[in-house]
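Undergrad: One structure follows; several queries about it will come next.
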Amino acid sequence: MQTNYLIIGQGIAGSAMALELLSRGKSVVVMSQSGKSYSSDVAAGVYNPINFRKVKYVNHAAIAVPLAKSFYTAAEQTTHMKFHRKSEIIRVFSGEEERDQWSEFVGNQQADFASSQTASEALSAKIKAPFGTGMVKGGGVLDTGMYMYAVRNFLQQQNLFRDEWLESSLCEFTHDGVNYADRIYAERVIFCEGHLGATNAIHHEIPVTPTKGEVVHVSIPGLNATEVINGPVYLAPLGNDLYVCGATFNPGKNDENISHEGREELVTKLQSMLALPFRVESQFAGVRPAGKDRKPLIGVNTMNDRVAYLNGTGSKGVLYAPMLAKMLADHLIEGAEIPTELNIRRFAKRHRI
Ligand SMILES: Cc1cc2nc3c(=O)[nH]c(=O)nc-3n(C[C@H](O)[C@H](O)[C@H](O)COP(=O)(O)OP(=O)(O)OC[C@H]3O[C@@H](n4cnc5c(N)ncnc54)[C@H](O)[C@@H]3O)c2cc1C
């Protein structure tokens, strides 16, 4: 089979890359083995334009937020499935300092993401917020499981999906493409392997730090929240009194097993934020692919221009994947520059990529 691009990995990153390239009239084959890594499956799917810890916009918010909204809306139309919604995010302030910084931020900011509104009286009565609350208007939630299912289904219908593991030893590179096992001939291969990319033989050492995270699903009768609530942990509504509560953050850990410590940490933090009783229903773990400098990684290998990457989305895969897929497609198709701080070539010397 001949194709323009062979995409390895169909998590949040590979799904965005495939849809972006198809929307530009390019052909793709996506190869991804299920049951190997779970980051995109367990993600709460929240995207938030604000970094609450620093009380400022996240990097690239002005481009990434509108793009995420339009991208996932278009993906719903393409796949005829529903998995995305805009959502307000209620911030439970951690102290007086954050509250004061927030009021200054809301007073000065230009875009309309942060709001001077606070949580409703009804919600405030059910949470512990001694320093008050703030509200973010520009966020959203992606049902990541449903999204990936929809994209996979869409690709399968066109025979563009292979549920198998890419063996790097079966990739034969020529100056104009890659031959995979005499079965797939592609002009380029784009690796979207998440944290598993750290050990793939083709690129030696991709600069990703595996960062384990755990979430619990909790039932909270009577909370009736439609917004995401963000404090020492976040709560994202799933419907029927069920919420995702997350997430732990353990850089350097790459096992995907749920742990007692992870559950305890989340339960203790949730108790400090919630004035209602709750029950843990289930627990999940995954490993985020964080760039070594905590910034995403896109671009083309310096030693083999048939190899490209989209990785390093860390905790912000939902927000960043559409923007990164667009930037990488702009680069591959039109030769557009990739911003230096996102280009994987910033690690070329140290990591031989
Ligand atoms: C607990 C937790 C909560 C999170 N919550 C959020 C959140 O609310 N919002 C947010 O934006 N982000 C969140 N994240 C982060 C987000 O999940 C990641 O940014 C994102 O999932 C990374 O996606 P990816 O496609 O790069 O990697 P992955 O999800 O790891 O996908 C890579 C895929 O590639 C496949 N693969 C790899 N190598 C090969 C190969 N050689 N052959 C075939 N297939 C291969 C793997 O099997 C896998 O399916 C969370 C992460 C965790 C762990």
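Labels used: A, B, ... for chains in the order of the structure tokens, numbers from 1 for residues in each chain, and numbers from 1 for ligands as shown.
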What do you get as a count of residues only if you pick all residues at most 6 Å from ligand 1, counting only C-alpha atoms and all ligand atoms?
TA: 48
Undergrad: Write out as a PyMOL selection string each polymer residue whose atoms come within 12 Å of Arg346 (chain A), counting only C-alpha atoms; drop sequence neighbours fewer than 2 positions from it.
TA: chain A and resi 206-207+291-293+295-302+338-344+348-353
Undergrad: Could you give me the residues within region 83-130 of chain A that DSSP places in strand (DSSP E or B), as a list in words?
TA: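 Answer for region 83-130 of chain A restricted to strand (DSSP E or B) is His84, Arg85, Lys86, Ile89, Ile90, Arg91, Val92, Ala114, Ser115 and Ile127 of chain A.
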Undergrad: Region 116-175 of chain A: which residues are alpha helix (DSSP H) by DSSP, as a list in words?
TA: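 Matching residues, listed in order: Glu121, Ala122, Leu123, Ser124, Thr144, Gly145, Met146, Tyr147, Met148, Tyr149, Ala150, Val151, Arg152, Asn153, Phe154, Leu155, Gln156 and Gln157 of chain A.
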Undergrad: Show me, as a PyMOL selection string, the residues that have an atom within 12 Å of region 264-268 of chain A when counting only C-alpha atoms, minus same-chain residues fewer than 5 positions from it.
TA: chain A and resi 213-218+231-235+244-250+258-259+273-274+277-281+283-284
Undergrad: For the residues in that selection, give me C-alpha atoms as a PDB file, in the first residue's frame.
TA:
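result_28.pdb, written as the output of this step:
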ATOM      1  CA  GLY A 213      -0.325  10.038  36.488  1.00  0.00           C
ATOM      2  CA  GLU A 214      -3.324   8.504  38.189  1.00  0.00           C
ATOM      3  CA  VAL A 215      -6.994   9.470  38.360  1.00  0.00           C
ATOM      4  CA  VAL A 216      -9.977   8.122  40.279  1.00  0.00           C
ATOM      5  CA  HIS A 217     -13.589   8.154  39.194  1.00  0.00           C
ATOM      6  CA  VAL A 218     -15.758   9.234  42.125  1.00  0.00           C
ATOM      7  CA  GLY A 231      -8.227  23.146  43.306  1.00  0.00           C
ATOM      8  CA  PRO A 232      -5.711  20.813  44.963  1.00  0.00           C
ATOM      9  CA  VAL A 233      -7.215  18.284  42.496  1.00  0.00           C
ATOM     10  CA  TYR A 234      -9.611  18.774  39.602  1.00  0.00           C
ATOM     11  CA  LEU A 235     -13.077  17.306  39.190  1.00  0.00           C
ATOM     12  CA  VAL A 244     -12.990  12.201  37.141  1.00  0.00           C
ATOM     13  CA  CYS A 245     -10.706  13.376  39.929  1.00  0.00           C
ATOM     14  CA  GLY A 246      -7.038  13.902  39.118  1.00  0.00           C
ATOM     15  CA  ALA A 247      -4.311  13.794  38.725  1.00  0.00           C
ATOM     16  CA  THR A 248      -1.113  12.670  40.409  1.00  0.00           C
ATOM     17  CA  PHE A 249       2.165  13.728  38.780  1.00  0.00           C
ATOM     18  CA  ASN A 250       5.266  11.532  39.085  1.00  0.00           C
ATOM     19  CA  ILE A 258      -2.662   1.922  39.814  1.00  0.00           C
ATOM     20  CA  SER A 259      -1.221   2.416  43.303  1.00  0.00           C
ATOM     21  CA  MET A 273     -11.739  20.609  48.546  1.00  0.00           C
ATOM     22  CA  LEU A 274     -15.178  19.057  48.858  1.00  0.00           C
ATOM     23  CA  PRO A 277     -19.220  12.835  50.950  1.00  0.00           C
ATOM     24  CA  PHE A 278     -17.964  10.885  47.931  1.00  0.00           C
ATOM     25  CA  ARG A 279     -17.126   7.324  46.976  1.00  0.00           C
ATOM     26  CA  VAL A 280     -14.241   6.102  44.821  1.00  0.00           C
ATOM     27  CA  GLU A 281     -15.636   3.879  42.072  1.00  0.00           C
ATOM     28  CA  GLN A 283      -8.905   4.095  39.494  1.00  0.00           C
ATOM     29  CA  PHE A 284      -6.730   4.429  36.392  1.00  0.00           C
TER      30      PHE A 284
END
Undergrad: Please, what distance in Å, to one decimal, runs between CA of Gly139 (chain A) and CA of Glu256 (chain A)?
TA: 27.6 Å
Undergrad: Considering only C-alpha atoms, return as an MDAnalysis selection string whatever protein or nucleic-acid residues lie within 7 Å of Gly138 (chain A), sequence-local ones (same chain, fewer than 2 positions apart) excluded.
TA: chainID A and resid 49 88 113 136 140
Undergrad: Between A:Ser87, A:Asn51, A:Asn4, A:Asn59, which residue has the minimum interatomic distance to Met323 (chain A), considering only C-alpha atoms?
TA: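 That would be A:Asn59, the residue with the smallest distance to Met323 (chain A).
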